[in-house]
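Worksheet for the structure shown next.
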Amino acid sequence: MNLFLLSLQLVTCSVAAFAPAKSYTQVSSRAGAEAINAPSLHDRRHQLQQLVQHPKRTHLHSTVASTRIGAEEIQQLCKDGFVVLKDWLPSDLVSALREDINTLRSKGKFNIAKIGQDSTNTLNTDIRIAETCFLGEGKLTDVQNNSRDDLYSVLENLRSDLSGNDALDENDSVTGELTKTAAALDASLSELLYAYYPKGGFYRRHTDAVANSASVLRTYSLLMYLNNEWKESDGGYLRMHLDSGKDFLPEGEKPNFIDVEPKGGTVVLFKSDRVPHEVLDTVSERMAVVGWYNRPVTSADISSLASEGDKMRGIMLLVAAGLVTFGLISIVTG
Ligand code: OGA
Ligand code: MN
């Protein structure tokens, strides 16, 4: 029984959900929230008082509504497997999230980052030096932050822009069969975290979606940079590898990569199984939001896991996904 619970926890560690149920209007401004929830006169008076007492709250990142992804960017994501959106996140949201990281770190909410998911989640300082803090609605309720709520709504907007977008569907390279990868991204199976790299931090080459683990569900990886006035000498570039390898450059192949400056406001989206990447050594502290949009679990996932002779893990994956989907468990940090 203990083993069962332990395994369940190990699996669920990785499927950290942020379950963004709110629409933009609900969190973008208090006026928007009012319209939806139709509060009583007393509530309205209370809210007005709050606005007077906290004038900064009157506009929570007014440009959040414009953080959407258009057809052209989706085309690029589809064709190249990645897209870089420069100056995409409003700068007031970037600095507010950076402040949130500082607060959460000072409250001891960050952990030394591990690598891998579920039972392979291990500490390996040869591969990664960073700290992380798992995010999601229902998490960190003791350190509330309006900007974090705005972040959730931005991510939900992105999820709906990606979800069901036919341009992103793919033909399997072996069978030629059409995989509607974009047909449904499961809101409750999204993972989200803050990543903090100290000076001297890095994350060596890796792929986010790995077969035979819960990470196969990861469809799109998302990186949002929060660095203040990043300059070349700060290092910490994101290197995306375009060779045909996964965790390593295949023998005989020439390196082929592009480096992205981790400038505050830049957002990178890529196919989780297609783009190996790394964080080059940092010379200054480096801050990011890291997330994955996951697709729902299919019976094929279960049988492929089972056929690998790892039935228990397949079952755990199913159980974990089911529980997360129905909101029965709150996901723990890794
Ligand atoms: C990750 C990752 C890149 C970054 O956490 O999986 O690749 O830029 N992060 O922080
Ligand atoms: Mn990664």
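Quick note on naming: the chains in the structure tokens go A, B, ... in the order shown, residues restart at 1 in each chain, and ligands are numbered from 1 in order of appearance.
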
Given 10 Å and only C-alpha atoms and all ligand atoms, residues near ligand 2 as number ranges by chain: A: 115-116, 203-209, 221-223, 238, 240, 270, 272, 275-279, 290-292

Based on the selection just made, write N, CA and C atoms of those residues as a PDB file, in the first residue's frame.
ATOM      1  N   ILE A 115      15.971  16.542 -12.204  1.00  0.00           N
ATOM      2  CA  ILE A 115      15.746  16.317 -13.631  1.00  0.00           C
ATOM      3  C   ILE A 115      14.861  15.097 -13.823  1.00  0.00           C
ATOM      4  N   GLY A 116      14.185  15.060 -14.950  1.00  0.00           N
ATOM      5  CA  GLY A 116      13.307  13.936 -15.249  1.00  0.00           C
ATOM      6  C   GLY A 116      11.982  14.104 -14.536  1.00  0.00           C
ATOM      7  N   TYR A 203      21.449  24.231 -17.551  1.00  0.00           N
ATOM      8  CA  TYR A 203      20.641  23.018 -17.708  1.00  0.00           C
ATOM      9  C   TYR A 203      21.102  22.421 -19.033  1.00  0.00           C
ATOM     10  N   ARG A 204      21.849  21.326 -18.967  1.00  0.00           N
ATOM     11  CA  ARG A 204      22.447  20.724 -20.162  1.00  0.00           C
ATOM     12  C   ARG A 204      21.381  20.163 -21.105  1.00  0.00           C
ATOM     13  N   ARG A 205      21.847  19.824 -22.285  1.00  0.00           N
ATOM     14  CA  ARG A 205      20.945  19.367 -23.345  1.00  0.00           C
ATOM     15  C   ARG A 205      19.994  18.257 -22.872  1.00  0.00           C
ATOM     16  N   HIS A 206      18.723  18.453 -23.167  1.00  0.00           N
ATOM     17  CA  HIS A 206      17.718  17.432 -22.820  1.00  0.00           C
ATOM     18  C   HIS A 206      16.483  17.634 -23.703  1.00  0.00           C
ATOM     19  N   THR A 207      15.601  16.650 -23.679  1.00  0.00           N
ATOM     20  CA  THR A 207      14.322  16.737 -24.395  1.00  0.00           C
ATOM     21  C   THR A 207      13.227  16.650 -23.337  1.00  0.00           C
ATOM     22  N   ASP A 208      12.183  17.469 -23.483  1.00  0.00           N
ATOM     23  CA  ASP A 208      11.180  17.531 -22.419  1.00  0.00           C
ATOM     24  C   ASP A 208      10.218  16.350 -22.399  1.00  0.00           C
ATOM     25  N   ALA A 209       9.901  15.799 -23.592  1.00  0.00           N
ATOM     26  CA  ALA A 209       8.969  14.676 -23.637  1.00  0.00           C
ATOM     27  C   ALA A 209       9.761  13.404 -23.943  1.00  0.00           C
ATOM     28  N   SER A 221       6.170  22.804 -25.064  1.00  0.00           N
ATOM     29  CA  SER A 221       6.929  23.389 -23.958  1.00  0.00           C
ATOM     30  C   SER A 221       6.843  24.894 -24.103  1.00  0.00           C
ATOM     31  N   LEU A 222       6.800  25.548 -22.970  1.00  0.00           N
ATOM     32  CA  LEU A 222       6.675  27.000 -22.969  1.00  0.00           C
ATOM     33  C   LEU A 222       7.717  27.612 -22.038  1.00  0.00           C
ATOM     34  N   LEU A 223       8.429  28.608 -22.527  1.00  0.00           N
ATOM     35  CA  LEU A 223       9.398  29.316 -21.692  1.00  0.00           C
ATOM     36  C   LEU A 223       9.079  30.796 -21.779  1.00  0.00           C
ATOM     37  N   LEU A 238      19.205  30.372 -24.196  1.00  0.00           N
ATOM     38  CA  LEU A 238      18.518  29.111 -24.473  1.00  0.00           C
ATOM     39  C   LEU A 238      19.057  28.625 -25.810  1.00  0.00           C
ATOM     40  N   MET A 240      18.549  25.971 -28.723  1.00  0.00           N
ATOM     41  CA  MET A 240      17.636  24.951 -29.262  1.00  0.00           C
ATOM     42  C   MET A 240      18.365  24.198 -30.358  1.00  0.00           C
ATOM     43  N   PHE A 270       7.769  25.421 -28.089  1.00  0.00           N
ATOM     44  CA  PHE A 270       8.271  24.399 -29.013  1.00  0.00           C
ATOM     45  C   PHE A 270       7.625  23.057 -28.737  1.00  0.00           C
ATOM     46  N   SER A 272       7.424  19.581 -27.564  1.00  0.00           N
ATOM     47  CA  SER A 272       8.211  19.008 -26.465  1.00  0.00           C
ATOM     48  C   SER A 272       9.055  17.803 -26.870  1.00  0.00           C
ATOM     49  N   VAL A 275      12.301  19.213 -29.978  1.00  0.00           N
ATOM     50  CA  VAL A 275      13.400  20.185 -29.886  1.00  0.00           C
ATOM     51  C   VAL A 275      14.231  19.986 -28.610  1.00  0.00           C
ATOM     52  N   PRO A 276      15.384  19.277 -28.738  1.00  0.00           N
ATOM     53  CA  PRO A 276      16.278  19.207 -27.585  1.00  0.00           C
ATOM     54  C   PRO A 276      16.828  20.619 -27.342  1.00  0.00           C
ATOM     55  N   HIS A 277      17.105  20.928 -26.104  1.00  0.00           N
ATOM     56  CA  HIS A 277      17.530  22.297 -25.803  1.00  0.00           C
ATOM     57  C   HIS A 277      18.366  22.304 -24.530  1.00  0.00           C
ATOM     58  N   GLU A 278      18.996  23.435 -24.275  1.00  0.00           N
ATOM     59  CA  GLU A 278      19.776  23.564 -23.046  1.00  0.00           C
ATOM     60  C   GLU A 278      19.855  25.023 -22.635  1.00  0.00           C
ATOM     61  N   VAL A 279      20.186  25.230 -21.366  1.00  0.00           N
ATOM     62  CA  VAL A 279      20.430  26.584 -20.868  1.00  0.00           C
ATOM     63  C   VAL A 279      21.940  26.709 -20.692  1.00  0.00           C
ATOM     64  N   VAL A 290       8.452  28.233 -16.715  1.00  0.00           N
ATOM     65  CA  VAL A 290       8.553  27.049 -17.572  1.00  0.00           C
ATOM     66  C   VAL A 290       7.221  26.301 -17.478  1.00  0.00           C
ATOM     67  N   GLY A 291       6.684  25.892 -18.619  1.00  0.00           N
ATOM     68  CA  GLY A 291       5.418  25.159 -18.567  1.00  0.00           C
ATOM     69  C   GLY A 291       5.311  24.142 -19.679  1.00  0.00           C
ATOM     70  N   TRP A 292       4.389  23.246 -19.520  1.00  0.00           N
ATOM     71  CA  TRP A 292       4.104  22.262 -20.571  1.00  0.00           C
ATOM     72  C   TRP A 292       2.603  22.130 -20.711  1.00  0.00           C
TER      73      TRP A 292
END

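Those residues of region 241-312 of chain A that DSSP, working from the backbone, places in alpha helix (DSSP H) are A:Ser299, A:Ala300, A:Asp301, A:Ile302, A:Ser303, A:Ser304, A:Leu305, A:Ala306, A:Ser307, A:Lys311, A:Met312.
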
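Nearest-residue note for ligand 1: choosing from A:Leu242, A:Cys78, A:Leu89, A:Ala195, the minimum distance belongs to A:Ala195, counting only C-alpha atoms and all ligand atoms.
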
Exercise for the section: Within 7 Å of Lys86 (chain A), counting only C-alpha atoms, which residues show up once you throw out same-chain ones fewer than 5 positions away? Write them as a ChimeraX atom specification, please. Expected result: /A:265-267

Now that the selection is made, can you save its residues with C-alpha atoms as an mmCIF file, in the first residue's frame?
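The file below, part.cif, is the result:
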data_model
loop_
_atom_site.group_PDB
_atom_site.id
_atom_site.type_symbol
_atom_site.label_atom_id
_atom_site.label_comp_id
_atom_site.auth_asym_id
_atom_site.auth_seq_id
_atom_site.Cartn_x
_atom_site.Cartn_y
_atom_site.Cartn_z
ATOM 1 C CA GLY A 265 9.198 39.475 -22.134
ATOM 2 C CA THR A 266 10.437 36.875 -24.645
ATOM 3 C CA VAL A 267 8.324 33.733 -24.916
#

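Remark: for ligand 1, the closest of the candidate residues A:Thr141, A:Leu217, A:Glu131, A:Val297 is A:Glu131 (distances computed over only C-alpha atoms and all ligand atoms).
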
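In this comparison, which uses only C-alpha atoms, the residue of A:Asp80, A:Asp281, A:Glu72, A:Asp186 approaching Thr298 (chain A) most closely is A:Asp186.
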
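Minimum distance to ligand 1 across A:Leu93, A:Leu249, A:Cys133, A:Leu158 (counting only C-alpha atoms and all ligand atoms) occurs at A:Cys133.
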
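Nearest to ligand 1 of all the residues A:Lys107, A:Lys246, A:Lys231, A:Arg286 is A:Arg286, based on only C-alpha atoms and all ligand atoms.
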
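Note that CA of Pro198 (chain A) and CA of Thr282 (chain A) are 7.3 Å apart.
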
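You can rank A:Phe110, A:Tyr197, A:Tyr220, A:Trp230 by their closest distance to Leu155 (chain A) using only C-alpha atoms, and at the top of that list sits A:Tyr220.
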
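Interatomic distance, CA of Glu232 (chain A) against atom 9 (N, counted along the ligand's line) of ligand 1: 18.3 Å.
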
request  = Using only C-alpha atoms, determine which residues lie at most 9 Å from Leu123 (chain A), disregarding the query and same-chain residues fewer than 4 positions distant; provide the list as a ChimeraX atom specification.
outcome  = /A:112-115,127-128

Emit the selected residues as a PDB file, in the first residue's frame, including N, CA and C atoms.
ATOM      1  N   ILE A 112      15.707  22.961  -4.823  1.00  0.00           N
ATOM      2  CA  ILE A 112      16.753  22.641  -5.793  1.00  0.00           C
ATOM      3  C   ILE A 112      16.104  21.787  -6.873  1.00  0.00           C
ATOM      4  N   ALA A 113      16.299  22.178  -8.129  1.00  0.00           N
ATOM      5  CA  ALA A 113      15.616  21.485  -9.220  1.00  0.00           C
ATOM      6  C   ALA A 113      16.205  20.105  -9.466  1.00  0.00           C
ATOM      7  N   LYS A 114      15.308  19.172  -9.804  1.00  0.00           N
ATOM      8  CA  LYS A 114      15.752  17.829 -10.178  1.00  0.00           C
ATOM      9  C   LYS A 114      15.539  17.661 -11.670  1.00  0.00           C
ATOM     10  N   ILE A 115      15.971  16.542 -12.204  1.00  0.00           N
ATOM     11  CA  ILE A 115      15.746  16.317 -13.631  1.00  0.00           C
ATOM     12  C   ILE A 115      14.861  15.097 -13.823  1.00  0.00           C
ATOM     13  N   ILE A 127      24.001  17.977 -14.667  1.00  0.00           N
ATOM     14  CA  ILE A 127      23.067  18.301 -15.752  1.00  0.00           C
ATOM     15  C   ILE A 127      22.349  19.628 -15.517  1.00  0.00           C
ATOM     16  N   ARG A 128      22.093  19.909 -14.250  1.00  0.00           N
ATOM     17  CA  ARG A 128      21.282  21.095 -13.999  1.00  0.00           C
ATOM     18  C   ARG A 128      21.626  21.742 -12.666  1.00  0.00           C
TER      19      ARG A 128
END

Find the spatial neighbours of Gln75 (chain A), counting only C-alpha atoms, within a cut-off of 12 Å - ignore same-chain residues fewer than 3 positions away - and output them as a compact mmCIF listing (two decimals) with N, CA and C atoms, in the first residue's frame.
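Generated file (result_30.txt):
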# COMPACT_ATOMS: atom_id res chain seq x y z
N ILE A 69 -1.60 34.19 -29.53
CA ILE A 69 -0.70 33.75 -30.60
C ILE A 69 -1.50 33.70 -31.90
N GLY A 70 -0.95 34.33 -32.94
CA GLY A 70 -1.67 34.44 -34.20
C GLY A 70 -1.35 33.33 -35.18
N ALA A 71 -2.05 33.35 -36.31
CA ALA A 71 -1.93 32.30 -37.32
C ALA A 71 -0.49 32.15 -37.82
N GLU A 72 0.18 33.29 -37.98
CA GLU A 72 1.54 33.26 -38.53
C GLU A 72 2.50 32.53 -37.59
N CYS A 78 4.41 25.10 -36.27
CA CYS A 78 4.07 23.88 -36.99
C CYS A 78 5.21 23.47 -37.92
N LYS A 79 5.79 24.44 -38.62
CA LYS A 79 6.81 24.16 -39.63
C LYS A 79 8.16 23.84 -38.99
N ASP A 80 8.59 24.72 -38.07
CA ASP A 80 9.93 24.60 -37.50
C ASP A 80 9.96 23.80 -36.19
N GLY A 81 8.81 23.62 -35.59
CA GLY A 81 8.78 22.94 -34.29
C GLY A 81 8.96 23.90 -33.14
N PHE A 82 9.23 25.17 -33.44
CA PHE A 82 9.37 26.16 -32.36
C PHE A 82 9.01 27.54 -32.89
N VAL A 83 8.70 28.44 -31.96
CA VAL A 83 8.48 29.83 -32.33
C VAL A 83 8.97 30.71 -31.18
N LEU A 162 -3.79 27.29 -29.05
CA LEU A 162 -3.09 26.12 -29.59
C LEU A 162 -4.04 24.95 -29.77
N ASN A 165 -6.12 23.72 -33.03
CA ASN A 165 -5.68 24.43 -34.22
C ASN A 165 -5.17 23.44 -35.26
N ASP A 166 -5.93 23.29 -36.32
CA ASP A 166 -5.65 22.25 -37.31
C ASP A 166 -4.25 22.35 -37.91
N ALA A 167 -3.73 23.57 -37.98
CA ALA A 167 -2.40 23.76 -38.58
C ALA A 167 -1.34 22.96 -37.84
N LEU A 168 -1.61 22.66 -36.58
CA LEU A 168 -0.59 21.99 -35.76
C LEU A 168 -0.66 20.47 -35.83
N ASP A 169 -1.66 19.96 -36.52
CA ASP A 169 -1.77 18.50 -36.63
C ASP A 169 -0.59 17.96 -37.44
